[in-house]
>>> print(open('start_22.pdb').read())   # PDB, C-alpha atoms
ATOM      1  CA  MET A   4     261.842  59.748 131.024
ATOM      2  CA  LYS A   5     260.075  63.065 130.808
ATOM      3  CA  LYS A   6     261.893  66.072 129.413
ATOM      4  CA  GLY A   7     261.341  68.010 132.677
ATOM      5  CA  ASN A   8     263.077  65.298 134.707
ATOM      6  CA  LEU A   9     266.032  65.279 132.359
ATOM      7  CA  ILE A  10     266.445  69.038 132.700
ATOM      8  CA  PHE A  11     266.219  68.730 136.496
ATOM      9  CA  ILE A  12     268.933  66.046 136.589
ATOM     10  CA  TYR A  13     271.077  68.101 134.238
ATOM     11  CA  LEU A  14     270.712  71.186 136.459
ATOM     12  CA  LEU A  15     271.547  69.140 139.566
ATOM     13  CA  ILE A  16     274.722  67.748 137.993
ATOM     14  CA  PHE A  17     275.667  71.186 136.702
ATOM     15  CA  THR A  18     275.235  72.670 140.218
ATOM     16  CA  LEU A  19     277.469  69.959 141.674
ATOM     17  CA  PHE A  20     280.021  70.682 138.973
ATOM     18  CA  LEU A  21     279.934  74.411 139.797
ATOM     19  CA  ASN A  22     280.474  73.559 143.483
ATOM     20  CA  LEU A  23     283.482  71.460 142.541
ATOM     21  CA  VAL A  24     284.923  74.277 140.463
ATOM     22  CA  ASP A  25     284.330  76.733 143.314
ATOM     23  CA  ILE A  26     286.120  74.484 145.844
ATOM     24  CA  ASN A  27     288.951  73.939 143.418
ATOM     25  CA  LEU A  28     289.376  77.674 142.824
ATOM     26  CA  LYS A  29     289.461  78.303 146.574
ATOM     27  CA  ILE A  30     292.147  75.651 147.039
ATOM     28  CA  PHE A  31     294.120  77.127 144.163
ATOM     29  CA  ASN A  32     293.811  80.671 145.570
ATOM     30  CA  HIS A  33     294.906  79.538 149.045
ATOM     31  CA  LYS A  34     297.865  77.662 147.634
ATOM     32  CA  TYR A  35     298.916  80.545 145.421
ATOM     33  CA  TYR A  36     298.595  83.067 148.276
ATOM     34  CA  GLU A  37     300.577  80.902 150.661
ATOM     35  CA  PHE A  38     303.218  80.061 148.080
ATOM     36  CA  TYR A  39     303.576  83.745 147.222
ATOM     37  CA  HIS A  40     303.899  84.840 150.852
ATOM     38  CA  SER A  41     305.495  81.806 152.499
ATOM     39  CA  LYS A  42     309.063  82.899 151.791
ATOM     40  CA  SER A  43     308.549  86.351 153.313
ATOM     41  CA  ILE A  44     306.796  84.782 156.318
ATOM     42  CA  ILE A  45     309.777  82.481 156.878
ATOM     43  CA  ASN A  46     312.191  85.409 156.434
ATOM     44  CA  PHE A  47     310.267  87.480 158.953
ATOM     45  CA  SER A  48     310.096  84.577 161.384
ATOM     46  CA  ILE A  49     313.867  84.039 161.291
ATOM     47  CA  ILE A  50     314.582  87.768 161.664
ATOM     48  CA  GLU A  51     312.083  87.990 164.534
ATOM     49  CA  SER A  52     313.740  85.018 166.198
ATOM     50  CA  ASN A  53     317.172  86.645 165.883
ATOM     51  CA  VAL A  54     315.870  89.962 167.271
ATOM     52  CA  LEU A  55     314.187  88.251 170.215
ATOM     53  CA  ARG A  56     317.316  86.254 171.034
ATOM     54  CA  GLN A  57     319.481  89.401 171.051
ATOM     55  CA  THR A  58     316.924  91.446 173.005
ATOM     56  CA  ILE A  59     316.579  88.767 175.675
ATOM     57  CA  ASP A  60     320.332  88.203 175.756
ATOM     58  CA  LYS A  61     320.827  91.881 176.673
ATOM     59  CA  PHE A  62     318.257  91.560 179.463
ATOM     60  CA  TYR A  63     319.925  88.341 180.629
ATOM     61  CA  ARG A  64     323.358  90.003 180.805
ATOM     62  CA  TYR A  65     321.967  93.256 182.294
ATOM     63  CA  LYS A  66     323.414  95.195 179.364
ATOM     64  CA  ILE A  67     320.192  97.017 178.672
ATOM     65  CA  GLU A  68     320.909  99.491 175.889
ATOM     66  CA  ASP A  69     318.816 100.417 172.858
ATOM     67  CA  PHE A  70     320.156  98.952 169.662
ATOM     68  CA  ILE A  71     319.455  98.739 165.926
ATOM     69  CA  LEU A  72     319.694  95.710 163.670
ATOM     70  CA  GLU A  73     320.013  95.801 159.899
ATOM     71  CA  THR A  74     318.271  92.903 158.176
ATOM     72  CA  ASP A  75     317.389  91.793 154.649
ATOM     73  CA  LEU A  76     313.857  93.129 154.989
ATOM     74  CA  GLY A  77     314.768  96.433 156.659
ATOM     75  CA  THR A  78     315.916  97.972 159.940
ATOM     76  CA  VAL A  79     314.784  96.809 163.366
ATOM     77  CA  TYR A  80     314.796  99.245 166.304
ATOM     78  CA  ILE A  81     314.829  97.947 169.872
ATOM     79  CA  TYR A  82     314.078 100.332 172.738
ATOM     80  CA  TYR A  83     314.253  99.348 176.398
ATOM     81  CA  PHE A  84     312.000 100.836 179.068
ATOM     82  CA  ASP A  85     312.754  99.234 182.436
ATOM     83  CA  GLU A  86     311.607  95.636 182.061
ATOM     84  CA  ILE A  87     309.907  96.135 178.704
ATOM     85  CA  ALA A  88     311.480  96.155 175.260
ATOM     86  CA  TYR A  89     309.600  97.834 172.424
ATOM     87  CA  ILE A  90     310.532  96.564 168.996
ATOM     88  CA  LYS A  91     309.857  98.214 165.657
ATOM     89  CA  TYR A  92     310.358  96.124 162.537
ATOM     90  CA  ASP A  93     310.711  98.954 160.040
ATOM     91  CA  PHE A  94     309.902  96.923 156.948
ATOM     92  CA  THR A  95     307.708  97.772 153.950
ATOM     93  CA  LEU A  96     304.747  97.252 156.257
ATOM     94  CA  PRO A  97     306.017  98.182 159.744
ATOM     95  CA  VAL A  98     305.358  95.732 162.565
ATOM     96  CA  TYR A  99     305.429  96.702 166.247
ATOM     97  CA  ALA A 100     306.006  94.415 169.190
ATOM     98  CA  LYS A 101     306.404  94.467 172.938
ATOM     99  CA  LEU A 102     308.504  92.088 175.009
ATOM    100  CA  GLU A 103     308.148  91.910 178.766
ATOM    101  CA  TYR A 104     310.973  90.540 180.881
ATOM    102  CA  ASP A 105     311.277  89.823 184.587
ATOM    103  CA  LEU A 106     314.716  90.897 185.773
ATOM    104  CA  VAL A 107     314.186  89.366 189.219
ATOM    105  CA  TYR A 108     313.556  85.823 187.959
ATOM    106  CA  ASN A 109     315.588  86.509 184.829
ATOM    107  CA  SER A 110     313.121  85.142 182.290
ATOM    108  CA  CYS A 111     310.849  86.416 179.578
ATOM    109  CA  ILE A 112     307.223  86.891 180.619
ATOM    110  CA  ASN A 113     305.401  87.831 177.457
ATOM    111  CA  TYR A 114     305.811  88.813 173.816
ATOM    112  CA  ASP A 115     303.100  90.261 171.620
ATOM    113  CA  LEU A 116     302.693  92.131 168.378
ATOM    114  CA  ILE A 117     301.015  95.457 169.157
ATOM    115  CA  PRO A 118     299.264  98.143 167.089
ATOM    116  CA  GLU A 119     301.234 101.242 166.158
ATOM    117  CA  ALA A 120     299.112 103.349 168.511
ATOM    118  CA  LEU A 121     300.453 101.469 171.518
ATOM    119  CA  PHE A 122     304.074 101.897 170.474
ATOM    120  CA  PRO A 123     305.407 104.651 172.755
ATOM    121  CA  VAL A 124     308.520 105.741 170.885
ATOM    122  CA  VAL A 125     307.060 106.646 167.508
ATOM    123  CA  ASP A 126     307.812 110.348 168.047
ATOM    124  CA  LYS A 127     311.324 109.518 169.133
ATOM    125  CA  LEU A 128     311.861 107.389 166.022
ATOM    126  CA  ASN A 129     310.516 110.079 163.715
ATOM    127  CA  SER A 130     312.634 112.840 165.239
TER     128      SER A 130
ATOM    129  CA  MET B  30     250.866  56.319 107.706
ATOM    130  CA  GLU B  31     252.791  58.715 109.953
ATOM    131  CA  VAL B  32     256.457  59.432 109.404
ATOM    132  CA  SER B  33     258.459  60.175 112.571
ATOM    133  CA  PHE B  34     261.139  62.849 112.354
ATOM    134  CA  ILE B  35     262.411  62.292 115.908
ATOM    135  CA  LYS B  36     266.073  61.304 115.804
ATOM    136  CA  LYS B  37     266.708  58.070 117.715
ATOM    137  CA  GLY B  38     270.511  58.024 117.674
ATOM    138  CA  TYR B  39     273.666  60.060 117.165
ATOM    139  CA  THR B  40     275.642  60.500 114.028
ATOM    140  CA  PHE B  41     279.282  59.479 113.835
ATOM    141  CA  THR B  42     280.358  63.151 113.760
ATOM    142  CA  GLU B  43     278.426  63.911 116.966
ATOM    143  CA  VAL B  44     280.037  60.996 118.790
ATOM    144  CA  ILE B  45     283.519  62.048 117.665
ATOM    145  CA  ILE B  46     282.881  65.654 118.790
ATOM    146  CA  SER B  47     281.598  64.408 122.179
ATOM    147  CA  ILE B  48     284.656  62.205 122.710
ATOM    148  CA  THR B  49     286.951  65.083 121.727
ATOM    149  CA  ILE B  50     285.269  67.423 124.221
ATOM    150  CA  LEU B  51     285.444  64.742 126.933
ATOM    151  CA  THR B  52     289.132  64.233 126.213
ATOM    152  CA  PHE B  53     289.789  67.906 126.840
ATOM    153  CA  ILE B  54     287.563  68.159 129.915
ATOM    154  CA  SER B  55     288.515  64.927 131.716
ATOM    155  CA  PRO B  56     291.999  66.086 132.906
ATOM    156  CA  PHE B  57     290.304  69.034 134.568
ATOM    157  CA  PHE B  58     287.946  66.710 136.439
ATOM    158  CA  ILE B  59     290.785  64.382 137.406
ATOM    159  CA  ASP B  60     292.760  67.359 138.673
ATOM    160  CA  ILE B  61     289.807  68.550 140.757
ATOM    161  CA  ILE B  62     289.312  65.101 142.274
ATOM    162  CA  ASN B  63     293.049  64.683 142.988
ATOM    163  CA  LYS B  64     293.192  68.043 144.723
ATOM    164  CA  MET B  65     290.168  67.195 146.823
ATOM    165  CA  ILE B  66     291.708  63.855 147.798
ATOM    166  CA  SER B  67     294.990  65.492 148.865
ATOM    167  CA  PHE B  68     293.295  68.432 150.600
ATOM    168  CA  PRO B  69     293.523  66.954 154.157
ATOM    169  CA  GLU B  70     297.274  66.431 153.671
ATOM    170  CA  TYR B  71     297.586  69.992 152.458
ATOM    171  CA  LEU B  72     295.756  71.217 155.565
ATOM    172  CA  THR B  73     298.173  69.272 157.786
ATOM    173  CA  GLU B  74     301.138  70.696 155.910
ATOM    174  CA  ARG B  75     299.779  74.208 156.311
ATOM    175  CA  GLN B  76     299.077  73.664 160.017
ATOM    176  CA  ASN B  77     302.641  72.421 160.501
ATOM    177  CA  PHE B  78     304.069  75.373 158.566
ATOM    178  CA  MET B  79     302.372  77.753 161.001
ATOM    179  CA  GLY B  80     303.392  75.464 163.869
ATOM    180  CA  ILE B  81     307.060  75.797 162.942
ATOM    181  CA  ILE B  82     306.772  79.594 162.988
ATOM    182  CA  GLN B  83     305.114  79.495 166.418
ATOM    183  CA  LEU B  84     307.708  77.023 167.653
ATOM    184  CA  ARG B  85     310.520  79.291 166.452
ATOM    185  CA  ARG B  86     308.996  82.246 168.284
ATOM    186  CA  SER B  87     308.458  80.233 171.477
ATOM    187  CA  LEU B  88     312.025  78.919 171.445
ATOM    188  CA  SER B  89     313.374  82.442 170.897
ATOM    189  CA  LEU B  90     311.668  83.619 174.072
ATOM    190  CA  GLY B  91     313.407  81.068 176.278
ATOM    191  CA  ILE B  92     316.836  81.043 177.877
ATOM    192  CA  GLU B  93     319.278  78.324 178.925
ATOM    193  CA  HIS B  94     318.247  75.841 176.222
ATOM    194  CA  ASP B  95     318.993  72.204 176.938
ATOM    195  CA  ILE B  96     318.914  70.105 173.784
ATOM    196  CA  ASN B  97     319.003  66.383 173.112
ATOM    197  CA  ASP B  98     317.878  64.388 170.075
ATOM    198  CA  PHE B  99     314.253  64.093 171.078
ATOM    199  CA  GLN B 100     313.631  67.020 173.362
ATOM    200  CA  VAL B 101     314.386  70.720 173.792
ATOM    201  CA  CYS B 102     313.962  72.278 177.219
ATOM    202  CA  MET B 103     314.322  75.918 178.214
ATOM    203  CA  VAL B 104     313.404  78.412 180.911
ATOM    204  CA  TYR B 105     310.348  80.508 180.088
ATOM    205  CA  LYS B 106     308.258  82.549 182.551
ATOM    206  CA  ASP B 107     310.561  81.304 185.295
ATOM    207  CA  GLU B 108     309.516  77.686 184.589
ATOM    208  CA  MET B 109     311.150  74.817 182.762
ATOM    209  CA  MET B 110     309.348  74.260 179.448
ATOM    210  CA  CYS B 111     310.029  71.282 177.155
ATOM    211  CA  PHE B 112     309.121  70.502 173.552
ATOM    212  CA  GLU B 113     308.881  66.853 172.576
ATOM    213  CA  GLN B 114     306.943  64.330 170.546
ATOM    214  CA  TYR B 115     303.811  62.920 172.124
ATOM    215  CA  GLU B 116     302.084  60.250 170.012
ATOM    216  CA  SER B 117     302.077  61.878 166.544
ATOM    217  CA  ASN B 118     302.343  65.472 167.681
ATOM    218  CA  LEU B 119     304.960  67.916 168.885
ATOM    219  CA  ILE B 120     303.764  69.437 172.108
ATOM    220  CA  ALA B 121     305.022  71.858 174.723
ATOM    221  CA  HIS B 122     304.679  70.927 178.356
ATOM    222  CA  PRO B 123     303.662  72.022 180.896
ATOM    223  CA  GLY B 124     300.533  72.881 178.954
ATOM    224  CA  THR B 125     298.714  71.329 176.045
ATOM    225  CA  GLN B 126     299.869  73.405 173.116
ATOM    226  CA  TYR B 127     300.305  71.462 169.885
ATOM    227  CA  PHE B 128     302.884  72.761 167.428
ATOM    228  CA  LEU B 129     303.067  69.969 164.869
ATOM    229  CA  VAL B 130     300.392  67.394 164.072
ATOM    230  CA  LYS B 131     300.518  64.011 162.319
ATOM    231  CA  VAL B 132     304.305  63.833 162.407
ATOM    232  CA  ASP B 133     306.780  61.056 163.160
ATOM    233  CA  ASP B 134     310.458  60.692 164.004
ATOM    234  CA  ILE B 135     311.049  64.200 165.330
ATOM    235  CA  VAL B 136     314.757  64.813 165.832
ATOM    236  CA  PHE B 137     316.437  67.965 167.112
ATOM    237  CA  SER B 138     320.027  68.697 166.163
ATOM    238  CA  ILE B 139     322.536  71.530 166.111
ATOM    239  CA  ILE B 140     324.146  72.424 162.796
ATOM    240  CA  ASP B 141     326.404  75.493 162.480
ATOM    241  CA  ASP B 142     325.015  76.948 165.724
ATOM    242  CA  TRP B 143     321.448  76.566 164.431
ATOM    243  CA  LEU B 144     318.934  74.447 166.270
ATOM    244  CA  MET B 145     317.331  72.283 163.587
ATOM    245  CA  ILE B 146     314.243  70.112 163.572
ATOM    246  CA  ASP B 147     313.693  67.129 161.278
ATOM    247  CA  TYR B 148     310.487  65.155 161.003
ATOM    248  CA  ILE B 149     308.427  62.999 158.690
ATOM    249  CA  SER B 150     304.865  63.854 157.729
ATOM    250  CA  ASN B 151     302.763  62.252 154.994
ATOM    251  CA  LEU B 152     305.821  60.168 154.029
ATOM    252  CA  LYS B 153     307.829  63.326 153.308
ATOM    253  CA  ASN B 154     310.929  64.489 155.158
ATOM    254  CA  TYR B 155     310.967  68.016 156.489
ATOM    255  CA  SER B 156     313.904  69.953 157.916
ATOM    256  CA  TYR B 157     313.753  73.471 159.336
ATOM    257  CA  LYS B 158     316.102  75.942 161.000
ATOM    258  CA  LEU B 159     314.653  77.033 164.297
ATOM    259  CA  ILE B 160     316.882  79.424 166.236
ATOM    260  CA  LYS B 161     320.527  80.452 166.294
ATOM    261  CA  LEU B 162     322.064  79.398 169.592
TER     262      LEU B 162
END
>>> encode(input="start_22.pdb", output="structure tokens")
Amino acid sequence: MKKGNLIFIYLLIFTLFLNLVDINLKIFNHKYYEFYHSKSIINFSIIESNVLRQTIDKFYRYKIEDFILETDLGTVYIYYFDEIAYIKYDFTLPVYAKLEYDLVYNSCINYDLIPEALFPVVDKLNS
Amino acid sequence: MEVSFIKKGYTFTEVIISITILTFISPFFIDIINKMISFPEYLTERQNFMGIIQLRRSLSLGIEHDINDFQVCMVYKDEMMCFEQYESNLIAHPGTQYFLVKVDDIVFSIIDDWLMIDYISNLKNYSYKLIKL
């Protein structure tokens, strides 16, 4: 076999090896990132679930009053405006959300995380 | 008469060094291959992890939950919505939203006022708290 062919085969195998290493590093990075953040994601999910249950429960019982919840990750503020509840998760990185409820049919219509700019009570919270 | 100086073999030392290097490198290769083999399972696990979080949020938005071993129903958007196993997936109906994929033996239960879900995926048992009732 010619020397040029050998070098070509060597380069081909080396490229494949580099691809393997690249894929492996990506898998490792994903796993590390998810492992590192998975606990806080689960914590947030359970707190969010608890907040939503209490917010909807107040709508359901027509006891619509703003309230505050203390959690492991920080304080959660819930403000009611007619049939909408605005929720601020005041954690290390604040998260804002909006929950829409239909008081006529007595059921939740929509829930979404929203950007801070769309959260109407920021001034009220800061005052 | 011409004398060739081209080496036609390897010395004992070279072979030993090669084997030593291979010994150190081979676990790395095996690890790479193992990870690539198990990657689809990992993707399923990750999908189901996100699915559980979405399921928890969806269940939190409902009222009047009705729970039995294989199904959870609730009122959402003024309609009855149920979560149950269909083939190897956990789906919500009406609709076609998949929450868990490639799972078997989904069982809902209530433990200490918490709605729990248990299922088997890739021969592993999983158990999660969903919502506090």
>>> interface_residues(input="start_22.pdb", of="chain A", to="chain B", cutoff="8 Å", atoms="all atoms listed in the file", output="list in words")
Leu23, Val24, Asn27, Ile45, Ser48, Ile49, Glu51, Ser52, Asn53, Leu55, Arg56, Ile59, Tyr108, Asn109, Ser110, Cys111, Ile112, Asn113 and Tyr114 of chain A
>>> resolve_selection(input="start_22.pdb", expression="the PyMOL selection byres ((chain B and resi 137) around 8)", output="list in words")
Ile96, Asn97, Asp98, Phe99, Gln100, Val101, Ile135, Val136, Ser138, Ile139, Leu144, Met145, Ile146 and Asp147 of chain B
>>> atom_distance(input="start_22.pdb", atom1="CA of Glu86 (chain A)", atom2="CA of Leu106 (chain A)")
6.8 Å
>>> residues_around(input="start_22.pdb", residues="Phe47 (chain A)", least_positions_apart="6", cutoff="12 Å", atoms="only C-alpha atoms", output="PDB file with C-alpha atoms, in the frame of the given file")
ATOM      1  CA  HIS A  40     303.899  84.840 150.852  1.00  0.00           C
ATOM      2  CA  SER A  41     305.495  81.806 152.499  1.00  0.00           C
ATOM      3  CA  ASN A  53     317.172  86.645 165.883  1.00  0.00           C
ATOM      4  CA  VAL A  54     315.870  89.962 167.271  1.00  0.00           C
ATOM      5  CA  LEU A  55     314.187  88.251 170.215  1.00  0.00           C
ATOM      6  CA  THR A  74     318.271  92.903 158.176  1.00  0.00           C
ATOM      7  CA  ASP A  75     317.389  91.793 154.649  1.00  0.00           C
ATOM      8  CA  LEU A  76     313.857  93.129 154.989  1.00  0.00           C
ATOM      9  CA  GLY A  77     314.768  96.433 156.659  1.00  0.00           C
ATOM     10  CA  THR A  78     315.916  97.972 159.940  1.00  0.00           C
ATOM     11  CA  VAL A  79     314.784  96.809 163.366  1.00  0.00           C
ATOM     12  CA  TYR A  92     310.358  96.124 162.537  1.00  0.00           C
ATOM     13  CA  ASP A  93     310.711  98.954 160.040  1.00  0.00           C
ATOM     14  CA  PHE A  94     309.902  96.923 156.948  1.00  0.00           C
ATOM     15  CA  THR A  95     307.708  97.772 153.950  1.00  0.00           C
ATOM     16  CA  LEU A  96     304.747  97.252 156.257  1.00  0.00           C
ATOM     17  CA  PRO A  97     306.017  98.182 159.744  1.00  0.00           C
ATOM     18  CA  VAL A  98     305.358  95.732 162.565  1.00  0.00           C
TER      19      VAL A  98
ATOM     20  CA  ILE B  82     306.772  79.594 162.988  1.00  0.00           C
ATOM     21  CA  ARG B  85     310.520  79.291 166.452  1.00  0.00           C
ATOM     22  CA  ARG B  86     308.996  82.246 168.284  1.00  0.00           C
TER      23      ARG B  86
END
>>> resolve_selection(input="start_22.pdb", expression="the PyMOL selection byres ((chain A and resi 115) around 6)", output="list in words")
Ala100, Lys101, Tyr114 and Leu116 of chain A
>>> atom_distance(input="start_22.pdb", atom1="CA of Tyr63 (chain A)", atom2="CA of Trp143 (chain B)")
20.1 Å
>>> atom_distance(input="start_22.pdb", atom1="CA of Lys131 (chain B)", atom2="CA of Phe31 (chain A)")
23.3 Å
>>> axis_aligned_box(input="start_22.pdb", around="region 40-52 of chain A", padding_each_side="8 Å", output="JSON")
{"center_x": 309.2, "center_y": 84.9, "center_z": 158.5, "size_x": 26.7, "size_y": 22.2, "size_z": 31.3}
>>> residues_around(input="start_22.pdb", residues="Phe122 (chain A)", least_positions_apart="5", cutoff="10 Å", atoms="all atoms listed in the file", output="PyMOL selection string")
chain A and resi 89-91+99-101+117
>>> decode(input="start_22.pdb", residues="region 70-85 of chain B", atoms="N, CA and C atoms", output="mmCIF file, in the first residue's frame")
data_model
loop_
_atom_site.group_PDB
_atom_site.id
_atom_site.type_symbol
_atom_site.label_atom_id
_atom_site.label_comp_id
_atom_site.auth_asym_id
_atom_site.auth_seq_id
_atom_site.Cartn_x
_atom_site.Cartn_y
_atom_site.Cartn_z
ATOM 1 N N GLU B 70 -32.165 5.635 25.249
ATOM 2 C CA GLU B 70 -32.832 5.480 26.552
ATOM 3 C C GLU B 70 -32.747 6.772 27.351
ATOM 4 N N TYR B 71 -31.575 7.389 27.266
ATOM 5 C CA TYR B 71 -31.370 8.651 27.983
ATOM 6 C C TYR B 71 -32.316 9.724 27.459
ATOM 7 N N LEU B 72 -32.508 9.739 26.125
ATOM 8 C CA LEU B 72 -33.427 10.714 25.530
ATOM 9 C C LEU B 72 -34.855 10.480 26.033
ATOM 10 N N THR B 73 -35.258 9.219 26.115
ATOM 11 C CA THR B 73 -36.598 8.890 26.616
ATOM 12 C C THR B 73 -36.748 9.347 28.058
ATOM 13 N N GLU B 74 -35.708 9.078 28.849
ATOM 14 C CA GLU B 74 -35.749 9.461 30.263
ATOM 15 C C GLU B 74 -35.888 10.978 30.399
ATOM 16 N N ARG B 75 -35.140 11.692 29.562
ATOM 17 C CA ARG B 75 -35.184 13.149 29.614
ATOM 18 C C ARG B 75 -36.555 13.669 29.177
ATOM 19 N N GLN B 76 -37.100 13.054 28.114
ATOM 20 C CA GLN B 76 -38.425 13.441 27.632
ATOM 21 C C GLN B 76 -39.460 13.232 28.760
ATOM 22 N N ASN B 77 -39.347 12.094 29.436
ATOM 23 C CA ASN B 77 -40.314 11.791 30.493
ATOM 24 C C ASN B 77 -40.143 12.708 31.703
ATOM 25 N N PHE B 78 -38.915 13.112 31.964
ATOM 26 C CA PHE B 78 -38.663 14.063 33.064
ATOM 27 C C PHE B 78 -39.409 15.378 32.795
ATOM 28 N N MET B 79 -39.289 15.875 31.558
ATOM 29 C CA MET B 79 -40.000 17.097 31.196
ATOM 30 C C MET B 79 -41.507 16.852 31.177
ATOM 31 N N GLY B 80 -41.889 15.645 30.748
ATOM 32 C CA GLY B 80 -43.309 15.275 30.711
ATOM 33 C C GLY B 80 -43.949 15.317 32.082
ATOM 34 N N ILE B 81 -43.210 14.859 33.089
ATOM 35 C CA ILE B 81 -43.730 14.864 34.464
ATOM 36 C C ILE B 81 -43.958 16.305 34.931
ATOM 37 N N ILE B 82 -43.042 17.187 34.584
ATOM 38 C CA ILE B 82 -43.186 18.598 34.976
ATOM 39 C C ILE B 82 -44.403 19.227 34.292
ATOM 40 N N GLN B 83 -44.589 18.899 33.016
ATOM 41 C CA GLN B 83 -45.771 19.414 32.299
ATOM 42 C C GLN B 83 -47.055 18.814 32.872
ATOM 43 N N LEU B 84 -46.979 17.533 33.201
ATOM 44 C CA LEU B 84 -48.162 16.862 33.763
ATOM 45 C C LEU B 84 -48.544 17.497 35.102
ATOM 46 N N ARG B 85 -47.535 17.785 35.917
ATOM 47 C CA ARG B 85 -47.775 18.405 37.222
ATOM 48 C C ARG B 85 -48.458 19.762 37.050
#
